[in-house]
$ cat coords02.cif   # mmCIF, C-alpha atoms
data_target
#
loop_
_atom_site.label_atom_id
_atom_site.label_comp_id
_atom_site.auth_asym_id
_atom_site.auth_seq_id
_atom_site.Cartn_x
_atom_site.Cartn_y
_atom_site.Cartn_z
CA MET A 1 21.30 -38.45 46.32
CA GLU A 2 20.44 -40.84 49.13
CA ILE A 3 23.65 -39.99 50.95
CA LYS A 4 22.85 -36.29 50.76
CA ILE A 5 19.44 -36.88 52.32
CA VAL A 6 20.96 -38.88 55.19
CA LYS A 7 23.48 -36.10 55.75
CA LYS A 8 20.66 -33.55 55.85
CA ILE A 9 18.77 -35.58 58.48
CA LEU A 10 21.90 -35.84 60.61
CA GLU A 11 22.67 -32.12 60.24
CA LYS A 12 19.14 -31.23 61.30
CA ASN A 13 19.49 -33.62 64.22
CA ASP A 14 22.82 -32.15 65.29
CA ALA A 15 21.33 -28.65 65.35
CA ALA A 16 18.49 -29.80 67.61
CA ALA A 17 20.96 -31.72 69.78
CA GLY A 18 23.06 -28.56 70.16
CA GLU A 19 20.04 -26.71 71.53
CA LEU A 20 19.31 -29.53 73.96
CA ARG A 21 22.91 -29.47 75.15
CA VAL A 22 22.58 -25.77 76.00
CA LEU A 23 19.26 -26.40 77.75
CA PHE A 24 20.69 -29.22 79.89
CA ALA A 25 23.75 -27.08 80.75
CA GLN A 26 21.68 -24.05 81.73
CA ASN A 27 19.63 -26.23 84.07
CA LYS A 28 22.70 -28.10 85.41
CA ILE A 29 21.06 -31.36 84.44
CA LEU A 30 23.01 -34.52 83.72
CA SER A 31 21.48 -36.27 80.70
CA VAL A 32 22.18 -39.96 80.16
CA ASN A 33 21.36 -41.85 76.96
CA LEU A 34 21.07 -45.63 77.53
CA MET A 35 21.48 -47.74 74.40
CA SER A 36 21.62 -51.48 73.75
CA SER A 37 20.09 -54.43 71.94
CA PRO A 38 16.49 -55.22 72.84
CA GLY A 39 16.36 -57.09 76.14
CA SER A 40 19.83 -56.17 77.44
CA GLY A 41 18.36 -54.75 80.63
CA LYS A 42 18.04 -50.98 80.11
CA THR A 43 14.73 -50.83 81.96
CA ALA A 44 15.95 -53.11 84.75
CA LEU A 45 19.05 -50.93 85.22
CA LEU A 46 16.87 -47.82 85.32
CA ASP A 47 14.47 -49.44 87.75
CA ARG A 48 17.26 -50.19 90.21
CA THR A 49 18.91 -46.81 89.59
CA LEU A 50 15.74 -44.85 90.35
CA GLU A 51 15.28 -46.90 93.51
CA MET A 52 18.81 -46.17 94.70
CA LEU A 53 18.61 -42.45 93.88
CA ALA A 54 15.16 -41.91 95.41
CA GLY A 55 15.20 -39.11 98.00
CA ASP A 56 18.75 -38.23 96.97
CA LEU A 57 18.64 -36.92 93.40
CA ARG A 58 15.65 -35.81 91.34
CA CYS A 59 15.39 -37.96 88.22
CA ALA A 60 13.16 -38.06 85.15
CA VAL A 61 12.94 -40.66 82.39
CA ILE A 62 12.27 -40.28 78.70
CA GLU A 63 11.18 -43.71 77.48
CA GLY A 64 11.81 -44.48 73.82
CA ASP A 65 9.92 -47.35 72.23
CA ILE A 66 8.60 -48.07 68.78
CA ALA A 67 5.33 -49.22 70.32
CA THR A 68 3.72 -49.80 73.74
CA THR A 69 4.19 -48.09 77.11
CA LEU A 70 5.33 -51.31 78.80
CA ASP A 71 8.68 -49.95 80.02
CA ALA A 72 7.12 -46.75 81.37
CA GLU A 73 4.58 -48.88 83.23
CA ARG A 74 7.41 -50.90 84.79
CA LEU A 75 8.99 -47.68 86.06
CA ALA A 76 5.76 -45.98 87.14
CA ARG A 77 6.16 -47.08 90.78
CA HIS A 78 8.93 -44.51 91.22
CA ASN A 79 8.08 -40.87 91.76
CA ALA A 80 10.16 -39.87 88.75
CA PRO A 81 8.41 -37.94 85.98
CA LEU A 82 8.12 -40.14 82.88
CA VAL A 83 7.63 -39.10 79.28
CA GLN A 84 6.90 -41.79 76.71
CA VAL A 85 8.10 -41.31 73.13
CA ASN A 86 6.62 -43.86 70.75
CA THR A 87 8.42 -43.72 67.45
CA ASP A 88 5.57 -45.39 65.56
CA THR A 89 4.15 -41.86 65.32
CA PHE A 90 7.44 -40.98 63.55
CA GLY A 91 7.15 -43.81 61.01
CA GLY A 92 8.35 -46.53 63.40
CA ASP A 93 11.83 -45.07 63.74
CA CYS A 94 14.44 -47.50 65.03
CA HIS A 95 16.14 -44.84 67.17
CA LEU A 96 15.46 -41.61 69.03
CA GLU A 97 16.27 -38.27 67.42
CA ALA A 98 16.99 -34.95 69.09
CA ASN A 99 13.68 -33.37 68.03
CA MET A 100 11.81 -36.18 69.84
CA ILE A 101 13.81 -35.45 73.00
CA ALA A 102 13.14 -31.73 72.61
CA GLY A 103 9.40 -32.46 72.53
CA ALA A 104 9.67 -34.70 75.59
CA VAL A 105 11.77 -32.20 77.56
CA GLU A 106 9.06 -29.56 77.10
CA GLN A 107 6.88 -31.72 79.29
CA LEU A 108 9.40 -31.76 82.15
CA ASP A 109 10.00 -29.17 84.86
CA LEU A 110 13.75 -28.82 84.35
CA ASP A 111 14.18 -26.62 87.44
CA ALA A 112 13.13 -29.55 89.57
CA LEU A 113 15.52 -32.14 88.11
CA ASP A 114 19.11 -33.34 88.50
CA ILE A 115 19.27 -36.23 86.01
CA VAL A 116 17.30 -37.00 82.85
CA PHE A 117 17.64 -40.60 81.72
CA ILE A 118 16.84 -41.38 78.12
CA GLU A 119 16.06 -45.01 77.36
CA ASN A 120 16.62 -45.40 73.64
CA VAL A 121 14.88 -47.87 71.32
CA GLY A 122 16.45 -51.32 71.64
CA ASN A 123 18.92 -51.35 68.76
CA LEU A 124 22.68 -51.72 68.81
CA VAL A 125 23.15 -50.00 65.45
CA CYS A 126 21.13 -46.93 64.49
CA PRO A 127 20.83 -45.02 67.81
CA ALA A 128 24.64 -44.64 67.83
CA GLU A 129 24.39 -42.21 64.91
CA PHE A 130 22.08 -39.70 66.58
CA ASP A 131 23.38 -37.07 68.99
CA LEU A 132 20.69 -36.28 71.59
CA GLY A 133 22.63 -33.49 73.28
CA GLU A 134 23.32 -35.87 76.15
CA ASP A 135 26.24 -35.76 78.61
CA MET A 136 26.71 -39.50 78.76
CA LYS A 137 26.23 -42.12 76.08
CA VAL A 138 26.05 -45.50 77.80
CA SER A 139 25.91 -48.86 76.03
CA LEU A 140 24.68 -51.98 77.74
CA LEU A 141 25.91 -55.42 76.74
CA SER A 142 24.17 -58.33 78.37
CA ALA A 143 26.34 -61.25 79.43
CA THR A 144 23.93 -63.48 77.52
CA GLU A 145 24.77 -61.81 74.18
CA GLY A 146 28.34 -62.96 73.81
CA GLU A 147 31.75 -61.32 74.08
CA ASP A 148 32.02 -60.42 70.39
CA LYS A 149 29.37 -57.72 70.22
CA PRO A 150 31.71 -54.70 70.56
CA LEU A 151 33.68 -55.93 67.52
CA LYS A 152 30.56 -56.64 65.48
CA TYR A 153 28.78 -53.38 66.35
CA PRO A 154 31.82 -51.10 66.71
CA LEU A 155 30.19 -47.70 66.22
CA MET A 156 27.97 -48.10 69.28
CA PHE A 157 30.84 -49.00 71.57
CA ARG A 158 33.06 -46.32 70.01
CA VAL A 159 30.64 -43.47 70.71
CA CYS A 160 29.76 -44.61 74.23
CA GLY A 161 32.14 -43.43 76.95
CA THR A 162 30.66 -45.99 79.32
CA ALA A 163 29.88 -49.65 78.63
CA ILE A 164 27.97 -51.73 81.16
CA ILE A 165 28.07 -55.51 81.08
CA THR A 166 24.66 -56.44 82.49
CA LYS A 167 23.04 -59.60 83.89
CA CYS A 168 26.31 -60.58 85.58
CA ASP A 169 24.33 -62.71 88.04
CA LEU A 170 24.16 -65.24 85.17
CA LEU A 171 27.94 -65.46 84.71
CA GLY A 172 28.05 -68.79 86.56
CA VAL A 173 25.73 -70.52 84.08
CA LEU A 174 26.93 -68.91 80.82
CA ASP A 175 29.95 -69.55 78.60
CA PHE A 176 30.72 -65.84 78.77
CA ASP A 177 34.13 -64.37 79.50
CA ALA A 178 33.59 -60.89 80.96
CA ALA A 179 37.30 -60.04 80.71
CA GLU A 180 37.28 -60.87 76.99
CA ALA A 181 34.15 -58.76 76.50
CA ALA A 182 35.85 -55.84 78.26
CA ASP A 183 38.94 -56.32 76.09
CA ASN A 184 36.73 -56.17 73.01
CA VAL A 185 35.16 -52.92 74.22
CA ARG A 186 38.66 -51.49 74.67
CA LYS A 187 39.70 -52.61 71.18
CA VAL A 188 37.14 -50.22 69.65
CA ASN A 189 37.29 -47.63 72.45
CA PRO A 190 40.49 -47.67 74.54
CA ASP A 191 39.17 -44.99 76.93
CA ALA A 192 35.83 -46.60 77.71
CA ARG A 193 34.77 -46.90 81.34
CA ILE A 194 33.55 -50.47 81.77
CA LEU A 195 31.25 -51.62 84.56
CA GLN A 196 29.80 -55.02 85.40
CA THR A 197 26.36 -55.02 86.95
CA SER A 198 23.40 -57.11 87.91
CA ALA A 199 20.20 -55.19 88.44
CA LYS A 200 18.86 -58.35 90.03
CA THR A 201 21.47 -58.77 92.77
CA GLY A 202 22.70 -55.18 92.90
CA GLN A 203 26.24 -56.14 91.88
CA GLY A 204 28.16 -53.14 90.52
CA MET A 205 25.27 -50.75 91.08
CA HIS A 206 27.11 -48.62 93.64
CA GLU A 207 29.91 -48.00 91.13
CA TRP A 208 27.31 -46.96 88.55
CA ILE A 209 25.61 -44.60 91.00
CA ALA A 210 29.00 -43.14 91.97
CA LEU A 211 29.80 -42.54 88.30
CA LEU A 212 26.50 -40.71 87.78
CA LYS A 213 27.17 -38.50 90.82
CA GLU A 214 30.72 -37.77 89.66
CA ARG A 215 29.46 -36.69 86.24
CA LEU A 216 26.61 -34.67 87.77
CA GLY A 217 29.17 -32.92 89.99
CA GLU A 218 31.09 -31.82 86.87
CA LYS A 219 27.99 -30.01 85.64
CA GLN A 220 27.47 -27.86 88.74
CA MET B 221 10.72 -35.72 50.52
CA GLU B 222 12.37 -38.08 52.97
CA ILE B 223 9.40 -40.44 52.78
CA LYS B 224 9.62 -40.52 48.98
CA ILE B 225 13.28 -41.49 49.13
CA VAL B 226 12.59 -44.31 51.60
CA LYS B 227 9.81 -45.55 49.32
CA LYS B 228 12.20 -45.51 46.38
CA ILE B 229 14.78 -47.57 48.29
CA LEU B 230 12.13 -50.12 49.25
CA GLU B 231 10.76 -50.30 45.68
CA LYS B 232 14.25 -50.92 44.32
CA ASN B 233 14.76 -53.57 46.99
CA ASP B 234 11.47 -55.28 46.18
CA ALA B 235 12.42 -55.51 42.50
CA ALA B 236 15.74 -57.18 43.37
CA ALA B 237 13.96 -59.46 45.85
CA GLY B 238 11.52 -60.52 43.13
CA GLU B 239 14.42 -61.60 40.93
CA LEU B 240 15.94 -63.56 43.81
CA ARG B 241 12.62 -65.28 44.46
CA VAL B 242 12.54 -66.48 40.84
CA LEU B 243 16.16 -67.64 41.07
CA PHE B 244 15.53 -69.63 44.26
CA ALA B 245 12.37 -71.17 42.75
CA GLN B 246 14.11 -72.16 39.49
CA ASN B 247 16.82 -73.90 41.50
CA LYS B 248 14.33 -75.47 43.97
CA ILE B 249 16.25 -73.90 46.82
CA LEU B 250 14.71 -73.13 50.18
CA SER B 251 15.93 -69.73 51.38
CA VAL B 252 15.72 -68.89 55.07
CA ASN B 253 16.26 -65.41 56.52
CA LEU B 254 17.19 -65.48 60.22
CA MET B 255 16.61 -62.23 62.09
CA SER B 256 16.90 -61.19 65.74
CA SER B 257 18.54 -58.84 68.21
CA PRO B 258 22.32 -59.11 68.48
CA GLY B 259 23.26 -62.09 70.60
CA SER B 260 19.96 -64.00 70.39
CA GLY B 261 21.71 -67.06 69.03
CA LYS B 262 21.38 -66.95 65.23
CA THR B 263 24.89 -68.29 64.69
CA ALA B 264 24.50 -70.95 67.40
CA LEU B 265 21.24 -72.12 65.80
CA LEU B 266 22.92 -72.25 62.39
CA ASP B 267 25.91 -74.09 63.80
CA ARG B 268 23.71 -76.84 65.23
CA THR B 269 21.49 -76.88 62.12
CA LEU B 270 24.42 -77.36 59.74
CA GLU B 271 25.70 -80.15 61.96
CA MET B 272 22.34 -81.94 61.92
CA LEU B 273 21.85 -81.54 58.16
CA ALA B 274 25.40 -82.58 57.20
CA GLY B 275 25.37 -85.44 54.69
CA ASP B 276 21.60 -85.08 54.31
CA LEU B 277 20.92 -81.70 52.70
CA ARG B 278 23.31 -79.35 50.92
CA CYS B 279 23.39 -76.01 52.72
CA ALA B 280 25.06 -72.65 52.18
CA VAL B 281 25.19 -69.62 54.44
CA ILE B 282 25.19 -65.93 53.62
CA GLU B 283 26.54 -64.17 56.71
CA GLY B 284 25.44 -60.59 57.24
CA ASP B 285 27.43 -58.41 59.62
CA ILE B 286 28.27 -54.74 59.79
CA ALA B 287 31.88 -55.64 60.51
CA THR B 288 34.10 -58.69 61.12
CA THR B 289 33.96 -62.26 59.82
CA LEU B 290 33.60 -63.73 63.33
CA ASP B 291 30.34 -65.58 62.65
CA ALA B 292 31.59 -67.03 59.38
CA GLU B 293 34.71 -68.24 61.20
CA ARG B 294 32.51 -69.96 63.81
CA LEU B 295 30.70 -71.82 61.01
CA ALA B 296 33.77 -72.60 58.91
CA ARG B 297 34.16 -76.11 60.39
CA HIS B 298 31.14 -77.22 58.36
CA ASN B 299 31.52 -78.04 54.70
CA ALA B 300 28.85 -75.52 53.78
CA PRO B 301 29.82 -72.75 51.35
CA LEU B 302 29.90 -69.43 53.18
CA VAL B 303 29.63 -65.93 51.75
CA GLN B 304 30.31 -62.99 54.05
CA VAL B 305 28.48 -59.72 53.46
CA ASN B 306 29.90 -56.85 55.51
CA THR B 307 27.56 -53.90 55.36
CA ASP B 308 30.26 -51.44 56.36
CA THR B 309 31.08 -51.39 52.66
CA PHE B 310 27.46 -50.25 52.18
CA GLY B 311 27.75 -47.37 54.68
CA GLY B 312 27.38 -49.59 57.77
CA ASP B 313 23.83 -50.63 56.93
CA CYS B 314 21.86 -52.01 59.86
CA HIS B 315 20.16 -54.66 57.72
CA LEU B 316 20.67 -56.76 54.60
CA GLU B 317 19.12 -55.69 51.30
CA ALA B 318 18.20 -57.81 48.31
CA ASN B 319 21.01 -56.46 46.12
CA MET B 320 23.56 -57.62 48.72
CA ILE B 321 22.02 -61.11 48.63
CA ALA B 322 22.06 -61.05 44.82
CA GLY B 323 25.79 -60.32 44.92
CA ALA B 324 26.37 -63.12 47.43
CA VAL B 325 24.29 -65.65 45.50
CA GLU B 326 26.47 -65.09 42.43
CA GLN B 327 29.28 -66.68 44.39
CA LEU B 328 27.29 -69.85 45.09
CA ASP B 329 26.79 -72.89 42.88
CA LEU B 330 22.99 -72.99 43.12
CA ASP B 331 22.76 -76.33 41.29
CA ALA B 332 24.56 -77.95 44.18
CA LEU B 333 22.37 -76.58 46.99
CA ASP B 334 19.12 -77.36 48.81
CA ILE B 335 18.98 -74.63 51.46
CA VAL B 336 20.48 -71.14 51.61
CA PHE B 337 20.50 -69.67 55.10
CA ILE B 338 20.80 -65.91 55.41
CA GLU B 339 21.95 -64.64 58.79
CA ASN B 340 20.86 -61.03 58.93
CA VAL B 341 22.53 -58.20 60.86
CA GLY B 342 21.56 -58.36 64.54
CA ASN B 343 18.70 -55.88 64.71
CA LEU B 344 15.09 -56.48 65.69
CA VAL B 345 13.83 -53.44 63.79
CA CYS B 346 15.18 -52.54 60.35
CA PRO B 347 15.74 -55.98 58.72
CA ALA B 348 11.98 -56.59 58.98
CA GLU B 349 11.36 -53.99 56.28
CA PHE B 350 13.52 -55.56 53.58
CA ASP B 351 12.28 -58.42 51.42
CA LEU B 352 15.19 -60.66 50.45
CA GLY B 353 13.19 -62.92 48.16
CA GLU B 354 13.33 -65.58 50.89
CA ASP B 355 10.88 -68.44 51.46
CA MET B 356 11.00 -68.23 55.24
CA LYS B 357 11.43 -65.25 57.50
CA VAL B 358 12.37 -66.51 60.95
CA SER B 359 12.70 -64.36 64.06
CA LEU B 360 14.66 -65.51 67.09
CA LEU B 361 13.80 -64.32 70.58
CA SER B 362 16.21 -65.31 73.30
CA ALA B 363 14.69 -66.34 76.61
CA THR B 364 17.06 -63.84 78.24
CA GLU B 365 15.45 -60.89 76.42
CA GLY B 366 12.06 -60.92 78.12
CA GLU B 367 8.54 -61.88 77.09
CA ASP B 368 7.53 -58.41 75.93
CA LYS B 369 9.70 -58.15 72.82
CA PRO B 370 7.02 -59.19 70.27
CA LEU B 371 4.78 -56.36 71.53
CA LYS B 372 7.59 -53.81 71.53
CA TYR B 373 8.97 -54.78 68.11
CA PRO B 374 5.74 -55.84 66.42
CA LEU B 375 6.75 -55.50 62.77
CA MET B 376 9.48 -58.14 63.06
CA PHE B 377 7.18 -60.71 64.62
CA ARG B 378 4.37 -59.82 62.21
CA VAL B 379 6.43 -60.46 59.08
CA CYS B 380 8.03 -63.67 60.36
CA GLY B 381 5.99 -66.82 59.84
CA THR B 382 8.20 -68.64 62.33
CA ALA B 383 9.39 -67.43 65.73
CA ILE B 384 11.98 -69.38 67.69
CA ILE B 385 12.43 -68.88 71.42
CA THR B 386 16.12 -69.64 71.89
CA LYS B 387 18.41 -70.40 74.85
CA CYS B 388 15.65 -72.45 76.50
CA ASP B 389 18.31 -74.33 78.50
CA LEU B 390 18.37 -71.18 80.69
CA LEU B 391 14.64 -71.28 81.49
CA GLY B 392 15.34 -72.71 84.94
CA VAL B 393 17.43 -69.73 86.03
CA LEU B 394 15.50 -66.91 84.35
CA ASP B 395 12.28 -65.12 85.28
CA PHE B 396 10.99 -65.82 81.79
CA ASP B 397 7.58 -67.22 80.98
CA ALA B 398 7.83 -68.97 77.59
CA ALA B 399 4.04 -69.38 77.35
CA GLU B 400 3.57 -65.64 77.83
CA ALA B 401 6.24 -64.92 75.19
CA ALA B 402 4.43 -67.25 72.77
CA ASP B 403 1.12 -65.51 73.56
CA ASN B 404 2.75 -62.17 72.77
CA VAL B 405 4.00 -63.51 69.42
CA ARG B 406 0.44 -64.64 68.63
CA LYS B 407 -0.96 -61.24 69.59
CA VAL B 408 0.92 -59.64 66.70
CA ASN B 409 0.86 -62.70 64.42
CA PRO B 410 -1.91 -65.23 65.18
CA ASP B 411 -0.64 -67.68 62.53
CA ALA B 412 2.99 -67.76 63.63
CA ARG B 413 4.67 -71.12 64.06
CA ILE B 414 6.46 -70.95 67.42
CA LEU B 415 9.32 -73.23 68.43
CA GLN B 416 11.38 -73.45 71.60
CA THR B 417 14.99 -74.45 71.17
CA SER B 418 18.35 -74.70 72.82
CA ALA B 419 21.28 -74.96 70.45
CA LYS B 420 23.32 -75.98 73.49
CA THR B 421 21.28 -79.01 74.59
CA GLY B 422 19.58 -79.73 71.26
CA GLN B 423 16.10 -79.16 72.69
CA GLY B 424 13.56 -78.44 69.94
CA MET B 425 16.12 -78.83 67.17
CA HIS B 426 14.44 -81.86 65.61
CA GLU B 427 11.20 -79.89 65.25
CA TRP B 428 13.15 -77.08 63.55
CA ILE B 429 14.86 -79.50 61.17
CA ALA B 430 11.49 -81.13 60.38
CA LEU B 431 10.02 -77.72 59.60
CA LEU B 432 12.88 -76.93 57.21
CA LYS B 433 12.41 -80.26 55.42
CA GLU B 434 8.65 -79.73 55.19
CA ARG B 435 9.16 -76.31 53.62
CA LEU B 436 11.88 -77.61 51.28
CA GLY B 437 9.49 -80.37 50.19
CA GLU B 438 6.95 -77.73 49.16
CA LYS B 439 9.50 -76.27 46.74
CA GLN B 440 10.20 -79.49 44.84
#
$ encode --input "coords02.cif" --output "structure tokens"
Amino acid sequence: MEIKIVKKILEKNDAAAGELRVLFAQNKILSVNLMSSPGSGKTALLDRTLEMLAGDLRCAVIEGDIATTLDAERLARHNAPLVQVNTDTFGGDCHLEANMIAGAVEQLDLDALDIVFIENVGNLVCPAEFDLGEDMKVSLLSATEGEDKPLKYPLMFRVCGTAIITKCDLLGVLDFDAAEAADNVRKVNPDARILQTSAKTGQGMHEWIALLKERLGEKQ
Amino acid sequence: MEIKIVKKILEKNDAAAGELRVLFAQNKILSVNLMSSPGSGKTALLDRTLEMLAGDLRCAVIEGDIATTLDAERLARHNAPLVQVNTDTFGGDCHLEANMIAGAVEQLDLDALDIVFIENVGNLVCPAEFDLGEDMKVSLLSATEGEDKPLKYPLMFRVCGTAIITKCDLLGVLDFDAAEAADNVRKVNPDARILQTSAKTGQGMHEWIALLKERLGEKQ
């Protein structure tokens, strides 16, 4: 009984995600779903990304949070359109669903955009199960979290084509082996593209920007 | 319909949690549920705690993970009985439920124990909703995650009587204001007991051990 209900929710979600996928394709928009534990640096990555793309590509952000508009406020200094989705109006959901994105997208002028970033709720488990019609699923793994996370939360790293090891400016002070972390990503997803970044120092950011442009190019 | 089902799951959980609460009380056992984002240092805290309590109090650990036995392996050097719960046998659940704890407790000799630690699945959202019959709900917030987490994940910090700011050895290299983080915990839970620890240097660990002993004393 319970399993049937879960299946029904996912089927409904997949239908809405399919419509979003068509919408993004028609508008030649690259959509990027950023997922990670709370505090892995999704907002910091976005902040730096918007800064580097300013005047070059037209970006919008859909901010997913259970509560507060703190992340949207952090990003407000950019000219990018921002739509906040607070899941506490959806019962405090621990993840974004396609119907929430559909509602947010209605508030955006898709003709005037190249990339839509979706910052998911901080959660390394549940968001992995929900297709948002996005072109890129990206997981962030902070260097402070430990190398074992891809093995312990395999679904997330399996569904994400790109994994970003963040906060690499701290590598010198942590007992963290970035090569081992990358190996662990590959154990659950042999084809994953793996980047190492620091939003603070800018390390690895040009490779990330280049990847976004490459994927956007494929949509034109 | 969906809401009714969720309510039913929670009601069933609460009934199982009630039975656990009686069982822990009858055996004068302090039960401690550790919850946090992935990589906030639950296992490191436990590792140091077991070391400090060795020969003094009799501890057991119930290890919750979606997949792998990595955390249990890290703790295996202690003499504490360990029971691994992998939720992938429960559909990959993103949290522990009372029935899983009941199954684990059956494998422990309760007569021979003072404290049962439960390390929940790394997730700052869903575990907050599930009563495990525990005496203490403890949330960990790593200094690397940012001060805003209590505001963005309010339910977790509201249900936890104790909040531990971990990885405080990194305070010197992070832009993290521990006083602001503590203020944010108090905003959602004015009565919270807030500790600052580093499992690496031992900072704050004596206060944590004293708190455990104080709470265990209340159960005798």
$ atom_distance --input "coords02.cif" --atom1 "atom CA of Leu57 of chain A" --atom2 "atom CA of Thr162 of chain A"
20.6 Å
$ atom_distance --input "coords02.cif" --atom1 "atom CA of Asp148 of chain A" --atom2 "atom CA of Leu254 of chain B"
18.7 Å
$ residues_around --input "coords02.cif" --residues "segment 280-288 of chain B" --least-positions-apart "4" --cutoff "10 Å" --atoms "only C-alpha atoms" --output "MDAnalysis selection string"
(chainID A and resid 125 148 151:155) or (chainID B and resid 251:253 263 266 270 292:293 295 298:317 320:321 324:325 328:330 332:342)
$ resolve_selection --input "coords02.cif" --expression "the PyMOL selection byres ((chain B and resi 423) around 12)" --output "ChimeraX atom specification"
/B:265,268,384-391,415-422,424-429
$ residues_near_point --input "coords02.cif" --point "(37.6, -49.6, 70.6)" --cutoff "9 Å" --atoms "all atoms listed in the file" --output "PyMOL selection string"
chain A and resi 150-151+154-155+157-158+183-192
